[in-house]
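Single-structure report; data block below.
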Amino acid sequence: MLATITAIAGLVGLIVSLVFVAVQTRAVSEQVRVSNNLNGTNGLDMCLSAVREIYFKMLDYPGMRKHFYEGVPCPTDEVERERVQLLAEALADVLETGLMATRRIPETESFEDWREYSRFIRDHSPVIRDMMAEHPQWWPELRRLG
């Protein structure tokens, strides 16, 4: 009789332990999900800050935006050309970083938004496309966009 009571008590203890472990596992899983989402948001926030900096730089030199949004090719004037190429390289770097962040952290709600924005810039900027053709290994995520 004592052995039966001890066995039942041990079984109840085991069941309680397993339930407790399951509750803890669920809580840890939720913490990981929230943490991944936060990391993705922070990564994109840094990218958006960098995009804003590039836009502010474009404000310093009116006429820059058309090279990234309106399909206008790189200017031929040497100084203007270098300025546009530097902004294009910086913008491509930011797009690449955002694409890597959203790919690695699928919980990021901005995954498709960032892909669409990156695709738009790539498709409407001859300067960025030319740089990607000249340096095919520099922006692999941007190249892979369908």
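FYI, nothing fancy with the structure tokens labels: chains A, B, ... in order, residues from 1 per chain, ligands from 1 as they appear.
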
Among the residues of chain A, find those DSSP assigns to helix (DSSP H, G or I) from the backbone and print them as a PyMOL selection string.
-> chain A and resi 2-60+66-69+78-104+111-124+126-134+140-144

Next, the residues of the selection above should be written as a short mmCIF file (atom, residue, chain, number, x, y, z; two decimals), in the first residue's frame with C-alpha atoms.
data_model
loop_
_atom_site.label_atom_id
_atom_site.label_comp_id
_atom_site.auth_asym_id
_atom_site.auth_seq_id
_atom_site.Cartn_x
_atom_site.Cartn_y
_atom_site.Cartn_z
CA LEU A 2 2.79 2.42 0.91
CA ALA A 3 4.55 1.62 -2.37
CA THR A 4 1.37 2.44 -4.31
CA ILE A 5 0.94 5.76 -2.53
CA THR A 6 4.59 6.63 -3.14
CA ALA A 7 4.28 5.71 -6.82
CA ILE A 8 1.12 7.81 -7.21
CA ALA A 9 2.74 10.77 -5.42
CA GLY A 10 5.79 10.45 -7.65
CA LEU A 11 3.60 10.31 -10.76
CA VAL A 12 1.66 13.39 -9.66
CA GLY A 13 4.94 15.18 -9.02
CA LEU A 14 6.18 14.22 -12.48
CA ILE A 15 2.97 15.45 -14.11
CA VAL A 16 3.14 18.77 -12.23
CA SER A 17 6.79 19.16 -13.29
CA LEU A 18 5.95 18.46 -16.94
CA VAL A 19 3.09 20.99 -16.89
CA PHE A 20 5.40 23.56 -15.32
CA VAL A 21 8.08 22.90 -17.98
CA ALA A 22 5.45 23.25 -20.73
CA VAL A 23 4.30 26.61 -19.32
CA GLN A 24 7.90 27.81 -19.08
CA THR A 25 8.64 26.65 -22.64
CA ARG A 26 5.63 28.53 -23.95
CA ALA A 27 6.70 31.70 -22.10
CA VAL A 28 10.27 31.45 -23.44
CA SER A 29 8.95 30.87 -26.95
CA GLU A 30 6.81 34.01 -26.70
CA GLN A 31 9.78 36.00 -25.38
CA VAL A 32 11.91 34.85 -28.32
CA ARG A 33 9.17 35.84 -30.80
CA VAL A 34 8.79 39.29 -29.22
CA SER A 35 12.57 39.73 -29.12
CA ASN A 36 12.92 38.78 -32.80
CA ASN A 37 10.18 41.21 -33.74
CA LEU A 38 11.85 43.96 -31.73
CA ASN A 39 15.24 43.22 -33.30
CA GLY A 40 13.69 43.36 -36.76
CA THR A 41 12.00 46.65 -35.95
CA ASN A 42 15.26 48.11 -34.61
CA GLY A 43 17.15 46.96 -37.70
CA LEU A 44 14.62 48.58 -40.01
CA ASP A 45 14.54 51.71 -37.88
CA MET A 46 18.29 52.12 -38.41
CA CYS A 47 17.77 51.65 -42.15
CA LEU A 48 14.97 54.20 -42.23
CA SER A 49 17.18 56.67 -40.36
CA ALA A 50 19.91 56.12 -42.94
CA VAL A 51 17.41 56.65 -45.78
CA ARG A 52 16.33 59.93 -44.16
CA GLU A 53 19.98 61.03 -44.00
CA ILE A 54 20.36 60.28 -47.70
CA TYR A 55 17.19 62.27 -48.45
CA PHE A 56 18.49 65.20 -46.44
CA LYS A 57 21.70 65.03 -48.47
CA MET A 58 19.58 65.07 -51.63
CA LEU A 59 17.93 68.24 -50.35
CA ASP A 60 21.34 69.90 -50.33
CA LYS A 66 15.08 62.09 -60.20
CA HIS A 67 18.09 59.75 -60.51
CA PHE A 68 16.49 57.36 -58.01
CA TYR A 69 12.75 57.72 -58.61
CA GLU A 78 32.13 64.83 -63.33
CA VAL A 79 31.27 66.46 -59.99
CA GLU A 80 27.54 65.84 -60.34
CA ARG A 81 28.20 62.28 -61.49
CA GLU A 82 30.34 61.49 -58.45
CA ARG A 83 27.72 62.99 -56.12
CA VAL A 84 24.94 60.87 -57.65
CA GLN A 85 27.09 57.73 -57.58
CA LEU A 86 27.99 58.23 -53.92
CA LEU A 87 24.33 58.66 -53.00
CA ALA A 88 23.43 55.62 -55.11
CA GLU A 89 26.02 53.49 -53.38
CA ALA A 90 24.87 54.65 -49.95
CA LEU A 91 21.23 54.01 -50.83
CA ALA A 92 22.02 50.56 -52.24
CA ASP A 93 23.90 49.72 -49.02
CA VAL A 94 20.91 50.77 -46.91
CA LEU A 95 18.49 48.80 -49.09
CA GLU A 96 20.73 45.73 -48.84
CA THR A 97 20.94 46.02 -45.06
CA GLY A 98 17.16 46.31 -44.76
CA LEU A 99 16.63 43.34 -47.04
CA MET A 100 19.03 41.23 -44.97
CA ALA A 101 17.34 42.28 -41.72
CA THR A 102 13.83 41.53 -42.95
CA ARG A 103 14.88 38.19 -44.44
CA ARG A 104 16.60 37.03 -41.28
CA PHE A 111 9.11 42.47 -44.84
CA GLU A 112 7.03 42.97 -47.99
CA ASP A 113 6.98 46.76 -47.65
CA TRP A 114 10.77 46.97 -47.58
CA ARG A 115 11.07 44.55 -50.50
CA GLU A 116 8.64 46.64 -52.56
CA TYR A 117 10.46 49.87 -51.72
CA SER A 118 13.83 48.32 -52.56
CA ARG A 119 12.49 46.88 -55.81
CA PHE A 120 11.01 50.27 -56.77
CA ILE A 121 14.30 52.11 -56.18
CA ARG A 122 16.29 49.47 -58.06
CA ASP A 123 13.88 49.46 -60.99
CA HIS A 124 13.63 53.26 -61.24
CA PRO A 126 19.60 53.55 -63.74
CA VAL A 127 22.50 54.62 -61.52
CA ILE A 128 21.87 51.83 -59.00
CA ARG A 129 21.33 49.27 -61.75
CA ASP A 130 24.58 50.31 -63.44
CA MET A 131 26.46 50.01 -60.15
CA MET A 132 24.94 46.58 -59.53
CA ALA A 133 26.05 45.46 -63.00
CA GLU A 134 29.55 46.81 -62.39
CA PRO A 140 23.27 40.21 -53.52
CA GLU A 141 19.90 40.68 -51.80
CA LEU A 142 19.02 43.62 -54.02
CA ARG A 143 20.00 41.60 -57.10
CA ARG A 144 17.81 38.65 -56.01
#

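Note that atom CA of Leu145 of chain A and atom CA of Met64 of chain A are 24.1 Å apart.
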